[in-house]
>>> print(open('input14.cif').read())   # mmCIF, C-alpha atoms and all ligand atoms
data_query
loop_
_atom_site.group_PDB
_atom_site.id
_atom_site.type_symbol
_atom_site.label_atom_id
_atom_site.label_comp_id
_atom_site.auth_asym_id
_atom_site.auth_seq_id
_atom_site.Cartn_x
_atom_site.Cartn_y
_atom_site.Cartn_z
ATOM 1 C CA MET A 1154 -146.662 10.797 95.696
ATOM 2 C CA THR A 1155 -142.956 10.032 96.113
ATOM 3 C CA GLU A 1156 -142.258 7.824 99.095
ATOM 4 C CA LEU A 1157 -138.872 8.200 100.727
ATOM 5 C CA ALA A 1158 -137.053 6.328 103.480
ATOM 6 C CA ILE A 1159 -134.219 7.812 105.495
ATOM 7 C CA GLY A 1160 -131.148 5.597 105.657
ATOM 8 C CA VAL A 1161 -128.451 6.216 108.270
ATOM 9 C CA ASP A 1162 -125.105 4.397 108.173
ATOM 10 C CA ILE A 1163 -122.926 4.844 111.270
ATOM 11 C CA GLY A 1164 -119.337 3.646 110.977
ATOM 12 C CA GLY A 1165 -116.210 4.118 113.056
ATOM 13 C CA THR A 1166 -114.916 6.930 110.824
ATOM 14 C CA LYS A 1167 -117.928 8.593 109.230
ATOM 15 C CA MET A 1168 -121.691 8.654 109.359
ATOM 16 C CA HIS A 1169 -123.817 8.960 106.250
ATOM 17 C CA ALA A 1170 -127.528 9.802 106.101
ATOM 18 C CA ALA A 1171 -129.646 9.880 102.959
ATOM 19 C CA ALA A 1172 -133.206 10.053 101.691
ATOM 20 C CA VAL A 1173 -133.674 7.029 99.426
ATOM 21 C CA ASP A 1174 -136.595 6.060 97.204
ATOM 22 C CA ARG A 1175 -138.018 2.559 96.658
ATOM 23 C CA THR A 1176 -135.705 1.900 93.712
ATOM 24 C CA GLY A 1177 -132.630 2.576 95.869
ATOM 25 C CA ARG A 1178 -131.946 5.977 94.337
ATOM 26 C CA ILE A 1179 -130.342 8.449 96.750
ATOM 27 C CA VAL A 1180 -132.379 11.664 96.508
ATOM 28 C CA LEU A 1181 -130.257 13.670 98.934
ATOM 29 C CA GLU A 1182 -127.477 12.861 101.367
ATOM 30 C CA ARG A 1183 -125.206 14.252 104.068
ATOM 31 C CA ILE A 1184 -121.955 12.919 105.495
ATOM 32 C CA ALA A 1185 -120.349 13.828 108.838
ATOM 33 C CA PRO A 1186 -117.320 12.537 110.730
ATOM 34 C CA THR A 1187 -118.251 10.095 113.522
ATOM 35 C CA LEU A 1188 -115.546 11.409 115.885
ATOM 36 C CA ALA A 1189 -115.951 8.146 117.790
ATOM 37 C CA GLN A 1190 -113.320 9.088 120.378
ATOM 38 C CA GLU A 1191 -115.706 11.738 121.785
ATOM 39 C CA GLY A 1192 -117.803 8.886 123.183
ATOM 40 C CA GLY A 1193 -121.159 7.213 122.607
ATOM 41 C CA GLU A 1194 -123.441 10.061 123.752
ATOM 42 C CA ALA A 1195 -121.661 12.564 121.500
ATOM 43 C CA VAL A 1196 -121.878 10.182 118.525
ATOM 44 C CA LEU A 1197 -125.598 9.699 119.195
ATOM 45 C CA LEU A 1198 -126.201 13.478 119.255
ATOM 46 C CA ARG A 1199 -124.301 13.876 115.994
ATOM 47 C CA ALA A 1200 -126.306 11.034 114.393
ATOM 48 C CA LEU A 1201 -129.580 12.680 115.522
ATOM 49 C CA GLU A 1202 -128.433 16.027 114.121
ATOM 50 C CA LEU A 1203 -127.428 14.504 110.765
ATOM 51 C CA THR A 1204 -130.673 12.503 110.517
ATOM 52 C CA GLY A 1205 -132.688 15.619 111.392
ATOM 53 C CA ALA A 1206 -130.940 17.650 108.694
ATOM 54 C CA VAL A 1207 -131.709 15.057 106.002
ATOM 55 C CA LEU A 1208 -135.306 14.665 107.265
ATOM 56 C CA ALA A 1209 -135.940 18.412 107.176
ATOM 57 C CA GLU A 1210 -134.545 18.660 103.667
ATOM 58 C CA ALA A 1211 -136.562 15.634 102.503
ATOM 59 C CA GLU A 1212 -139.746 17.145 103.960
ATOM 60 C CA ARG A 1213 -139.146 20.294 101.947
ATOM 61 C CA LEU A 1214 -139.240 18.237 98.750
ATOM 62 C CA SER A 1215 -142.759 18.834 97.561
ATOM 63 C CA GLY A 1216 -145.002 15.798 97.649
ATOM 64 C CA ALA A 1217 -142.555 13.471 99.405
ATOM 65 C CA ARG A 1218 -143.928 11.173 102.097
ATOM 66 C CA LEU A 1219 -141.465 9.848 104.685
ATOM 67 C CA ALA A 1220 -142.104 6.152 105.325
ATOM 68 C CA GLY A 1221 -139.578 5.621 108.119
ATOM 69 C CA ILE A 1222 -135.940 5.525 109.166
ATOM 70 C CA GLY A 1223 -133.566 2.599 108.761
ATOM 71 C CA ILE A 1224 -130.256 2.594 110.628
ATOM 72 C CA GLY A 1225 -127.177 0.460 110.123
ATOM 73 C CA SER A 1226 -124.449 0.754 112.732
ATOM 74 C CA ALA A 1227 -121.062 -0.759 113.393
ATOM 75 C CA GLY A 1228 -121.145 -3.186 116.310
ATOM 76 C CA GLN A 1229 -123.507 -5.818 117.586
ATOM 77 C CA ILE A 1230 -127.086 -4.484 117.526
ATOM 78 C CA ASP A 1231 -130.165 -5.883 119.269
ATOM 79 C CA PHE A 1232 -132.604 -5.667 116.347
ATOM 80 C CA ALA A 1233 -135.695 -5.966 118.604
ATOM 81 C CA THR A 1234 -134.826 -2.930 120.756
ATOM 82 C CA GLY A 1235 -132.417 -1.021 118.497
ATOM 83 C CA LYS A 1236 -129.875 -0.938 121.306
ATOM 84 C CA VAL A 1237 -126.120 -1.290 120.714
ATOM 85 C CA ALA A 1238 -125.386 -4.614 122.433
ATOM 86 C CA TYR A 1239 -121.647 -4.388 121.897
ATOM 87 C CA ALA A 1240 -119.183 -2.159 120.068
ATOM 88 C CA GLY A 1241 -115.419 -2.614 120.072
ATOM 89 C CA GLU A 1242 -112.537 -0.245 120.826
ATOM 90 C CA THR A 1243 -113.030 1.741 117.619
ATOM 91 C CA MET A 1244 -116.269 3.175 119.085
ATOM 92 C CA PRO A 1245 -115.729 3.728 122.820
ATOM 93 C CA GLY A 1246 -118.943 4.195 124.823
ATOM 94 C CA TRP A 1247 -121.147 3.076 121.916
ATOM 95 C CA THR A 1248 -122.053 -0.149 123.771
ATOM 96 C CA GLY A 1249 -125.417 0.272 125.512
ATOM 97 C CA ILE A 1250 -126.548 3.339 123.516
ATOM 98 C CA PRO A 1251 -130.349 3.066 122.878
ATOM 99 C CA LEU A 1252 -129.866 4.127 119.245
ATOM 100 C CA GLY A 1253 -133.183 3.004 117.746
ATOM 101 C CA ALA A 1254 -135.298 4.308 120.636
ATOM 102 C CA ALA A 1255 -133.556 7.701 120.634
ATOM 103 C CA VAL A 1256 -134.138 8.184 116.890
ATOM 104 C CA LYS A 1257 -137.774 7.063 117.191
ATOM 105 C CA GLU A 1258 -138.408 9.405 120.118
ATOM 106 C CA ARG A 1259 -136.851 12.390 118.348
ATOM 107 C CA PHE A 1260 -138.575 12.023 114.967
ATOM 108 C CA GLY A 1261 -141.767 10.030 115.673
ATOM 109 C CA LEU A 1262 -141.327 7.812 112.599
ATOM 110 C CA PRO A 1263 -141.050 4.003 112.451
ATOM 111 C CA VAL A 1264 -137.390 3.036 112.993
ATOM 112 C CA TRP A 1265 -135.428 -0.165 112.277
ATOM 113 C CA THR A 1266 -131.872 -0.573 113.575
ATOM 114 C CA ASP A 1267 -129.414 -3.332 112.737
ATOM 115 C CA ASN A 1268 -125.739 -4.096 112.291
ATOM 116 C CA ASP A 1269 -124.182 -2.371 109.255
ATOM 117 C CA VAL A 1270 -123.320 -5.591 107.419
ATOM 118 C CA ASN A 1271 -126.788 -7.039 108.114
ATOM 119 C CA VAL A 1272 -128.374 -3.997 106.460
ATOM 120 C CA PHE A 1273 -125.883 -4.347 103.590
ATOM 121 C CA ALA A 1274 -127.312 -7.881 103.089
ATOM 122 C CA VAL A 1275 -130.878 -6.529 103.258
ATOM 123 C CA GLY A 1276 -129.990 -3.954 100.576
ATOM 124 C CA GLU A 1277 -128.271 -6.499 98.318
ATOM 125 C CA LYS A 1278 -131.323 -8.790 98.634
ATOM 126 C CA ALA A 1279 -133.836 -6.004 97.952
ATOM 127 C CA LEU A 1280 -132.005 -4.047 95.257
ATOM 128 C CA GLY A 1281 -128.538 -5.466 94.570
ATOM 129 C CA ALA A 1282 -126.660 -8.612 93.554
ATOM 130 C CA ALA A 1283 -128.676 -10.997 95.794
ATOM 131 C CA ARG A 1284 -132.150 -10.266 94.377
ATOM 132 C CA GLU A 1285 -132.645 -13.806 93.095
ATOM 133 C CA PHE A 1286 -131.243 -15.528 96.209
ATOM 134 C CA ASP A 1287 -132.870 -16.550 99.524
ATOM 135 C CA HIS A 1288 -129.784 -18.335 100.908
ATOM 136 C CA PHE A 1289 -126.616 -16.271 100.740
ATOM 137 C CA VAL A 1290 -123.632 -15.058 102.710
ATOM 138 C CA CYS A 1291 -122.173 -11.523 102.571
ATOM 139 C CA LEU A 1292 -118.546 -10.658 103.225
ATOM 140 C CA MET A 1293 -117.406 -7.044 103.586
ATOM 141 C CA LEU A 1294 -113.677 -6.687 103.032
ATOM 142 C CA GLY A 1295 -112.798 -3.234 104.336
ATOM 143 C CA THR A 1296 -110.509 -2.010 107.129
ATOM 144 C CA GLY A 1297 -111.792 -5.133 108.913
ATOM 145 C CA VAL A 1298 -113.888 -8.038 107.658
ATOM 146 C CA GLY A 1299 -117.635 -8.080 108.355
ATOM 147 C CA GLY A 1300 -120.256 -10.632 107.464
ATOM 148 C CA ALA A 1301 -123.953 -11.408 107.289
ATOM 149 C CA ILE A 1302 -125.913 -14.576 106.624
ATOM 150 C CA MET A 1303 -129.332 -14.774 105.028
ATOM 151 C CA GLU A 1304 -131.152 -18.091 105.279
ATOM 152 C CA GLY A 1305 -134.569 -18.632 103.714
ATOM 153 C CA GLY A 1306 -134.826 -14.881 103.062
ATOM 154 C CA ARG A 1307 -134.241 -13.991 106.727
ATOM 155 C CA LEU A 1308 -131.118 -12.721 108.443
ATOM 156 C CA VAL A 1309 -129.464 -15.126 110.864
ATOM 157 C CA ARG A 1310 -129.027 -12.991 113.998
ATOM 158 C CA GLY A 1311 -128.114 -15.503 116.708
ATOM 159 C CA ALA A 1312 -129.156 -15.328 120.347
ATOM 160 C CA PHE A 1313 -127.631 -11.902 121.105
ATOM 161 C CA GLY A 1314 -127.474 -10.242 117.694
ATOM 162 C CA GLY A 1315 -123.901 -11.363 117.096
ATOM 163 C CA ALA A 1316 -124.267 -13.990 114.344
ATOM 164 C CA GLY A 1317 -122.385 -13.370 111.116
ATOM 165 C CA GLU A 1318 -119.091 -12.135 112.602
ATOM 166 C CA LEU A 1319 -117.382 -13.834 109.677
ATOM 167 C CA GLY A 1320 -114.172 -11.828 110.068
ATOM 168 C CA HIS A 1321 -113.529 -13.953 113.147
ATOM 169 C CA LEU A 1322 -113.923 -17.270 111.423
ATOM 170 C CA SER A 1323 -110.522 -18.911 111.916
ATOM 171 C CA VAL A 1324 -108.724 -19.917 108.741
ATOM 172 C CA ASN A 1325 -105.491 -20.919 110.516
ATOM 173 C CA PHE A 1326 -105.316 -22.299 114.059
ATOM 174 C CA ASP A 1327 -101.516 -21.881 113.910
ATOM 175 C CA GLY A 1328 -101.993 -18.226 112.986
ATOM 176 C CA PRO A 1329 -101.459 -15.079 115.059
ATOM 177 C CA ARG A 1330 -103.709 -14.292 117.998
ATOM 178 C CA CYS A 1331 -106.615 -12.011 117.114
ATOM 179 C CA TYR A 1332 -108.050 -9.291 119.387
ATOM 180 C CA CYS A 1333 -111.252 -11.384 119.618
ATOM 181 C CA GLY A 1334 -109.323 -14.164 121.371
ATOM 182 C CA ASN A 1335 -109.242 -16.614 118.469
ATOM 183 C CA TYR A 1336 -106.224 -17.571 116.310
ATOM 184 C CA GLY A 1337 -105.735 -16.909 112.605
ATOM 185 C CA CYS A 1338 -109.041 -15.096 111.994
ATOM 186 C CA LEU A 1339 -110.026 -14.326 108.383
ATOM 187 C CA GLU A 1340 -109.806 -10.598 109.190
ATOM 188 C CA LEU A 1341 -106.065 -10.973 109.890
ATOM 189 C CA TYR A 1342 -105.529 -11.953 106.220
ATOM 190 C CA ALA A 1343 -108.337 -10.548 104.085
ATOM 191 C CA SER A 1344 -108.943 -7.028 105.435
ATOM 192 C CA GLY A 1345 -107.078 -3.901 104.359
ATOM 193 C CA THR A 1346 -105.112 -3.970 107.618
ATOM 194 C CA GLY A 1347 -104.568 -7.735 107.289
ATOM 195 C CA ILE A 1348 -103.088 -7.393 103.791
ATOM 196 C CA ALA A 1349 -100.765 -4.605 105.007
ATOM 197 C CA ARG A 1350 -99.715 -6.859 107.911
ATOM 198 C CA LEU A 1351 -98.854 -9.696 105.483
ATOM 199 C CA ALA A 1352 -96.759 -7.235 103.449
ATOM 200 C CA ARG A 1353 -94.817 -6.161 106.572
ATOM 201 C CA GLU A 1354 -94.280 -9.810 107.530
ATOM 202 C CA GLN A 1355 -92.988 -10.679 104.099
ATOM 203 C CA ALA A 1356 -90.669 -7.652 104.031
ATOM 204 C CA ALA A 1357 -89.254 -8.707 107.431
ATOM 205 C CA ALA A 1358 -88.723 -12.260 106.198
ATOM 206 C CA GLU A 1359 -86.880 -10.950 103.108
ATOM 207 C CA THR A 1360 -84.685 -8.752 105.310
ATOM 208 C CA ALA A 1361 -83.846 -11.705 107.544
ATOM 209 C CA ALA A 1362 -83.053 -13.897 104.530
ATOM 210 C CA ALA A 1363 -80.743 -11.235 103.096
ATOM 211 C CA GLY A 1364 -78.766 -10.808 106.325
ATOM 212 C CA THR A 1365 -78.451 -7.301 107.727
ATOM 213 C CA ASP A 1366 -79.659 -5.441 104.626
ATOM 214 C CA LYS A 1367 -83.128 -5.502 103.212
ATOM 215 C CA ALA A 1368 -83.364 -7.623 100.097
ATOM 216 C CA ASP A 1369 -83.296 -5.263 97.152
ATOM 217 C CA GLY A 1370 -84.466 -5.535 93.576
ATOM 218 C CA ALA A 1371 -87.648 -6.179 91.672
ATOM 219 C CA ALA A 1372 -88.671 -9.329 93.554
ATOM 220 C CA GLY A 1373 -88.784 -7.767 97.037
ATOM 221 C CA VAL A 1374 -91.564 -5.943 98.893
ATOM 222 C CA PRO A 1375 -91.115 -2.198 98.197
ATOM 223 C CA GLU A 1376 -90.461 0.136 101.134
ATOM 224 C CA GLY A 1377 -93.747 2.062 100.904
ATOM 225 C CA GLY A 1378 -92.962 4.383 103.831
ATOM 226 C CA SER A 1379 -92.449 3.442 107.485
ATOM 227 C CA GLU A 1380 -95.559 1.225 107.549
ATOM 228 C CA GLY A 1381 -94.662 -0.643 104.357
ATOM 229 C CA PRO A 1382 -97.047 -0.899 101.394
ATOM 230 C CA ASP A 1383 -100.768 -0.631 102.194
ATOM 231 C CA SER A 1384 -103.431 -2.981 100.821
ATOM 232 C CA HIS A 1385 -104.020 -0.760 97.764
ATOM 233 C CA ALA A 1386 -100.318 -0.928 96.820
ATOM 234 C CA VAL A 1387 -100.320 -4.711 97.281
ATOM 235 C CA ILE A 1388 -103.421 -5.113 95.089
ATOM 236 C CA ARG A 1389 -101.997 -2.790 92.419
ATOM 237 C CA GLY A 1390 -98.800 -4.861 92.428
ATOM 238 C CA TRP A 1391 -100.822 -8.077 92.213
ATOM 239 C CA LEU A 1392 -102.825 -6.825 89.227
ATOM 240 C CA ALA A 1393 -99.518 -5.867 87.541
ATOM 241 C CA GLY A 1394 -98.166 -9.380 88.190
ATOM 242 C CA GLU A 1395 -95.332 -8.274 90.484
ATOM 243 C CA PRO A 1396 -93.950 -11.419 92.222
ATOM 244 C CA TRP A 1397 -93.765 -9.918 95.772
ATOM 245 C CA ALA A 1398 -97.464 -8.915 95.564
ATOM 246 C CA VAL A 1399 -98.491 -12.233 94.013
ATOM 247 C CA ARG A 1400 -96.930 -14.039 97.002
ATOM 248 C CA ILE A 1401 -98.960 -11.897 99.425
ATOM 249 C CA MET A 1402 -102.231 -12.127 97.495
ATOM 250 C CA ASP A 1403 -101.865 -15.916 97.162
ATOM 251 C CA LYS A 1404 -102.176 -15.988 100.975
ATOM 252 C CA VAL A 1405 -105.113 -13.559 100.952
ATOM 253 C CA VAL A 1406 -106.963 -15.614 98.344
ATOM 254 C CA LEU A 1407 -106.159 -18.877 100.164
ATOM 255 C CA ALA A 1408 -107.511 -17.396 103.412
ATOM 256 C CA LEU A 1409 -110.685 -16.210 101.654
ATOM 257 C CA GLY A 1410 -111.069 -19.531 99.850
ATOM 258 C CA THR A 1411 -110.648 -21.458 103.094
ATOM 259 C CA GLY A 1412 -113.078 -19.240 105.029
ATOM 260 C CA ILE A 1413 -115.697 -19.241 102.277
ATOM 261 C CA SER A 1414 -115.366 -23.022 101.871
ATOM 262 C CA SER A 1415 -116.195 -23.459 105.574
ATOM 263 C CA LEU A 1416 -119.207 -21.174 105.104
ATOM 264 C CA VAL A 1417 -120.303 -23.183 102.058
ATOM 265 C CA HIS A 1418 -120.071 -26.425 104.035
ATOM 266 C CA THR A 1419 -121.968 -24.851 106.956
ATOM 267 C CA PHE A 1420 -124.786 -23.032 105.131
ATOM 268 C CA ASN A 1421 -124.826 -24.480 101.591
ATOM 269 C CA PRO A 1422 -125.689 -21.017 100.201
ATOM 270 C CA GLN A 1423 -126.717 -20.181 96.650
ATOM 271 C CA ALA A 1424 -124.299 -17.256 96.576
ATOM 272 C CA VAL A 1425 -121.549 -15.372 98.370
ATOM 273 C CA ILE A 1426 -121.733 -11.596 97.857
ATOM 274 C CA ILE A 1427 -118.461 -9.748 98.433
ATOM 275 C CA GLY A 1428 -118.296 -5.999 99.057
ATOM 276 C CA GLY A 1429 -116.024 -3.399 100.678
ATOM 277 C CA GLY A 1430 -112.899 -1.534 99.574
ATOM 278 C CA VAL A 1431 -110.696 -4.596 99.046
ATOM 279 C CA ALA A 1432 -113.411 -6.169 96.841
ATOM 280 C CA ALA A 1433 -113.472 -3.040 94.657
ATOM 281 C CA THR A 1434 -110.599 -4.834 92.859
ATOM 282 C CA GLY A 1435 -113.475 -6.544 91.049
ATOM 283 C CA GLU A 1436 -113.331 -9.475 88.675
ATOM 284 C CA PRO A 1437 -109.673 -10.587 89.043
ATOM 285 C CA LEU A 1438 -110.182 -11.094 92.805
ATOM 286 C CA MET A 1439 -113.590 -12.761 92.297
ATOM 287 C CA ALA A 1440 -112.107 -15.162 89.723
ATOM 288 C CA ALA A 1441 -109.216 -16.107 92.037
ATOM 289 C CA ILE A 1442 -111.603 -16.717 94.956
ATOM 290 C CA ARG A 1443 -113.964 -18.806 92.775
ATOM 291 C CA GLU A 1444 -111.088 -21.051 91.718
ATOM 292 C CA ARG A 1445 -109.996 -21.656 95.334
ATOM 293 C CA VAL A 1446 -113.506 -22.285 96.648
ATOM 294 C CA LYS A 1447 -114.206 -24.718 93.821
ATOM 295 C CA ALA A 1448 -111.044 -26.655 94.734
ATOM 296 C CA GLN A 1449 -111.863 -26.689 98.477
ATOM 297 C CA THR A 1450 -115.559 -27.639 98.614
ATOM 298 C CA TYR A 1451 -117.769 -30.617 97.878
ATOM 299 C CA PRO A 1452 -118.763 -30.274 94.208
ATOM 300 C CA SER A 1453 -122.402 -30.799 95.241
ATOM 301 C CA MET A 1454 -122.268 -27.442 97.072
ATOM 302 C CA GLY A 1455 -119.365 -25.482 95.572
ATOM 303 C CA GLY A 1456 -120.293 -26.453 92.023
ATOM 304 C CA HIS A 1457 -123.594 -24.554 92.117
ATOM 305 C CA LEU A 1458 -122.317 -21.621 94.144
ATOM 306 C CA ARG A 1459 -122.194 -18.090 92.704
ATOM 307 C CA ILE A 1460 -119.487 -15.752 94.011
ATOM 308 C CA LEU A 1461 -120.416 -12.204 93.067
ATOM 309 C CA PRO A 1462 -119.303 -8.625 93.773
ATOM 310 C CA ALA A 1463 -121.813 -6.447 95.633
ATOM 311 C CA GLY A 1464 -124.314 -4.679 93.401
ATOM 312 C CA LEU A 1465 -124.987 -1.422 95.245
ATOM 313 C CA GLY A 1466 -121.561 0.243 95.172
ATOM 314 C CA ALA A 1467 -120.449 3.164 97.316
ATOM 315 C CA GLY A 1468 -123.930 4.000 98.657
ATOM 316 C CA ALA A 1469 -124.597 0.401 99.779
ATOM 317 C CA GLY A 1470 -124.534 1.356 103.487
ATOM 318 C CA VAL A 1471 -127.311 3.970 103.430
ATOM 319 C CA ILE A 1472 -129.294 2.234 100.690
ATOM 320 C CA GLY A 1473 -129.289 -1.002 102.733
ATOM 321 C CA ALA A 1474 -130.176 0.886 105.908
ATOM 322 C CA ALA A 1475 -133.106 2.561 104.132
ATOM 323 C CA ALA A 1476 -134.174 -0.724 102.469
ATOM 324 C CA GLN A 1477 -135.164 -1.962 105.943
ATOM 325 C CA VAL A 1478 -138.092 0.475 105.797
ATOM 326 C CA TRP A 1479 -139.416 -1.113 102.582
ATOM 327 C CA VAL A 1480 -138.668 -4.701 103.687
ATOM 328 C CA TYR A 1481 -140.037 -4.547 107.260
ATOM 329 C CA GLY A 1482 -142.477 -1.643 107.000
HETATM 330 ZN ZN ZN A 1501 -110.807 -12.662 115.585
#
>>> encode(input="input14.cif", output="structure tokens")
Amino acid sequence: MTELAIGVDIGGTKMHAAAVDRTGRIVLERIAPTLAQEGGEAVLLRALELTGAVLAEAERLSGARLAGIGIGSAGQIDFATGKVAYAGETMPGWTGIPLGAAVKERFGLPVWTDNDVNVFAVGEKALGAAREFDHFVCLMLGTGVGGAIMEGGRLVRGAFGGAGELGHLSVNFDGPRCYCGNYGCLELYASGTGIARLAREQAAAETAAAGTDKADGAAGVPEGGSEGPDSHAVIRGWLAGEPWAVRIMDKVVLALGTGISSLVHTFNPQAVIIGGGVAATGEPLMAAIRERVKAQTYPSMGGHLRILPAGLGAGAGVIGAAAQVWVYG
């Protein structure tokens, strides 16, 4: 009999539910917009509806047994109760939502609920790039920067479910103030929005250096619309060897190298697994990060470290969420 787990991945922009088998194969899936601005209760109802739709469809598959539901959500999650302990401005009213309990009550199946990057780490450990590691750190480089830490095969959660907020590891105490309160957080340099911010800063510096007119020519940051070039344009330019993009990405790589080096000195992990849209750049970015980390860590720790791209790809969110069912069930 086929055994399936339902994985639900709730992000600030979209929610994704899927029926996943033990090998991590997505059997069926549905995606819906989160519409976070409608508030926490509305998001919860939409998540229940989406989960119910996938469950009903999975039940119709002849011979499938549903083993449970695993949820990964943006924000700080209390793993023991499945409650959202804290969610930022991108998901207003999500704080305090009894997510796990509501899903359990509605569907009567075992439910596990955790932070989205924690479940990403669970998925990478069970089925992805971290299969052979018990001590590793995950970094998700997307719109923001998320993180998770696995130590001795167990997630490090901290006292209130907040451990692993690696985007708010400072890499520059002289840097700009972050919305978390700290200065020069990794997220301000290594996220999609952070890279775009560096491009705007560099364009402004070029304009100032050139007097009243923006510096023109091949060496300058291209206009790229009113917001300037986005992170994709910067990365494309970097891969093509364009000097303006190389200058920006040198900072991004230095920030990542500095942050990861601090993590290496703190946790002495076997591996750092890097996922998210920015990491989709693949090997050139990995190679640049490896070189920096090697130069900035004790050889006894950095020398043995593996820095690897995530193994699960675009479905990593739901596959990791569902993997909780196999790991904890
Ligand atoms: Zn911060």
>>> resolve_selection(input="input14.cif", expression="the PyMOL selection byres (((chain A and resi 1154) around 8) and not hetatm)", output="PyMOL selection string")
chain A and resi 1155-1156+1216-1218
>>> resolve_selection(input="input14.cif", expression="the PyMOL selection byres (((chain A and resi 1177) around 10) and not hetatm)", output="PDB file with C-alpha atoms, in the frame of the given file")
ATOM      1  CA  LEU A1157    -138.872   8.200 100.727  1.00  0.00           C
ATOM      2  CA  ALA A1158    -137.053   6.328 103.480  1.00  0.00           C
ATOM      3  CA  ALA A1172    -133.206  10.053 101.691  1.00  0.00           C
ATOM      4  CA  VAL A1173    -133.674   7.029  99.426  1.00  0.00           C
ATOM      5  CA  ASP A1174    -136.595   6.060  97.204  1.00  0.00           C
ATOM      6  CA  ARG A1175    -138.018   2.559  96.658  1.00  0.00           C
ATOM      7  CA  THR A1176    -135.705   1.900  93.712  1.00  0.00           C
ATOM      8  CA  ARG A1178    -131.946   5.977  94.337  1.00  0.00           C
ATOM      9  CA  ILE A1179    -130.342   8.449  96.750  1.00  0.00           C
ATOM     10  CA  VAL A1180    -132.379  11.664  96.508  1.00  0.00           C
ATOM     11  CA  GLY A1276    -129.990  -3.954 100.576  1.00  0.00           C
ATOM     12  CA  ALA A1279    -133.836  -6.004  97.952  1.00  0.00           C
ATOM     13  CA  LEU A1280    -132.005  -4.047  95.257  1.00  0.00           C
ATOM     14  CA  GLY A1281    -128.538  -5.466  94.570  1.00  0.00           C
ATOM     15  CA  LEU A1465    -124.987  -1.422  95.245  1.00  0.00           C
ATOM     16  CA  GLY A1468    -123.930   4.000  98.657  1.00  0.00           C
ATOM     17  CA  ALA A1469    -124.597   0.401  99.779  1.00  0.00           C
ATOM     18  CA  VAL A1471    -127.311   3.970 103.430  1.00  0.00           C
ATOM     19  CA  ILE A1472    -129.294   2.234 100.690  1.00  0.00           C
ATOM     20  CA  GLY A1473    -129.289  -1.002 102.733  1.00  0.00           C
ATOM     21  CA  ALA A1475    -133.106   2.561 104.132  1.00  0.00           C
ATOM     22  CA  ALA A1476    -134.174  -0.724 102.469  1.00  0.00           C
TER      23      ALA A1476
END
>>> resolve_selection(input="input14.cif", expression="the PyMOL selection byres (((not hetatm)) within 7 of (chain A and resi 1501))", output="ChimeraX atom specification")
/A:1320-1322,1331-1336,1338,1340
>>> atom_distance(input="input14.cif", atom1="CA of Gln1423 in chain A", atom2="CA of Ala1316 in chain A")
18.9 Å
>>> closest_residue(input="input14.cif", among="A:Val1405, A:Gly1466, A:Ile1427, A:Ser1414", to="Ala1448 in chain A", atoms="all atoms listed in the file")
A:Ser1414
>>> atom_distance(input="input14.cif", atom1="CA of Glu1380 in chain A", atom2="CA of Ala1349 in chain A")
8.2 Å
>>> closest_residue(input="input14.cif", among="A:Ile1401, A:Ala1255, A:Ile1302, A:Leu1461", to="Leu1416 in chain A", atoms="all atoms listed in the file")
A:Ile1302
>>> atom_distance(input="input14.cif", atom1="CA of Ala1185 in chain A", atom2="CA of Lys1257 in chain A")
20.5 Å
>>> axis_aligned_box(input="input14.cif", around="range 1173-1185 of chain A", padding_each_side="6 Å", output="JSON")
{"center_x": -129.2, "center_y": 8.1, "center_z": 101.3, "size_x": 29.7, "size_y": 24.4, "size_z": 27.1}
>>> residues_around(input="input14.cif", residues="Ile1426 in chain A", least_positions_apart="3", cutoff="6 Å", atoms="all atoms listed in the file", output="ChimeraX atom specification")
/A:1291,1461-1463
>>> residues_around(input="input14.cif", residues="Ala1301 in chain A", least_positions_apart="2", cutoff="6 Å", atoms="all atoms listed in the file", output="list of chain:residue names")
A:Val1270, A:Asn1271, A:Val1290, A:Cys1291, A:Gly1317
>>> write_last_selection(input="input14.cif", atoms="C-alpha atoms", output="PDB file, keeping the file's coordinate frame")
ATOM      1  CA  VAL A1270    -123.320  -5.591 107.419  1.00  0.00           C
ATOM      2  CA  ASN A1271    -126.788  -7.039 108.114  1.00  0.00           C
ATOM      3  CA  VAL A1290    -123.632 -15.058 102.710  1.00  0.00           C
ATOM      4  CA  CYS A1291    -122.173 -11.523 102.571  1.00  0.00           C
ATOM      5  CA  GLY A1317    -122.385 -13.370 111.116  1.00  0.00           C
TER       6      GLY A1317
END
>>> residues_near_point(input="input14.cif", point="(-107.0, -3.1, 100.0)", cutoff="6 Å", atoms="all atoms listed in the file", output="VMD selection string")
chain A and resid 1345 1384 to 1385 1431
>>> residues_around(input="input14.cif", residues="range 1258-1265 of chain A", least_positions_apart="4", cutoff="8 Å", atoms="only C-alpha atoms", output="list of chain:residue names")
A:Leu1201, A:Gly1205, A:Ala1220, A:Gly1221, A:Ile1222, A:Gly1223, A:Ile1224, A:Phe1232, A:Gly1235, A:Gly1253, A:Ala1254, A:Gln1477, A:Val1478, A:Gly1482
>>> closest_residue(input="input14.cif", among="A:His1169, A:Lys1236, A:Lys1278, A:Arg1445", to="Thr1204 in chain A", atoms="all atoms listed in the file")
A:His1169
>>> closest_residue(input="input14.cif", among="A:Asp1162, A:Val1309, A:Val1425, A:Ile1348", to="Ala1467 in chain A", atoms="all atoms listed in the file")
A:Asp1162
>>> closest_residue(input="input14.cif", among="A:Ile1413, A:Ala1189, A:Ala1352, A:Glu1202", to="Pro1245 in chain A", atoms="all atoms listed in the file")
A:Ala1189
>>> residues_around(input="input14.cif", residues="Val1446 in chain A", least_positions_apart="6", cutoff="9 Å", atoms="all atoms listed in the file", output="tab-separated table (two decimals) with C-alpha atoms, in the frame of the given file")
chain	number	residue	atom	x	y	z
A	1407	LEU	CA	-106.16	-18.88	100.16
A	1409	LEU	CA	-110.68	-16.21	101.65
A	1410	GLY	CA	-111.07	-19.53	99.85
A	1411	THR	CA	-110.65	-21.46	103.09
A	1412	GLY	CA	-113.08	-19.24	105.03
A	1413	ILE	CA	-115.70	-19.24	102.28
A	1414	SER	CA	-115.37	-23.02	101.87
A	1417	VAL	CA	-120.30	-23.18	102.06
A	1455	GLY	CA	-119.36	-25.48	95.57
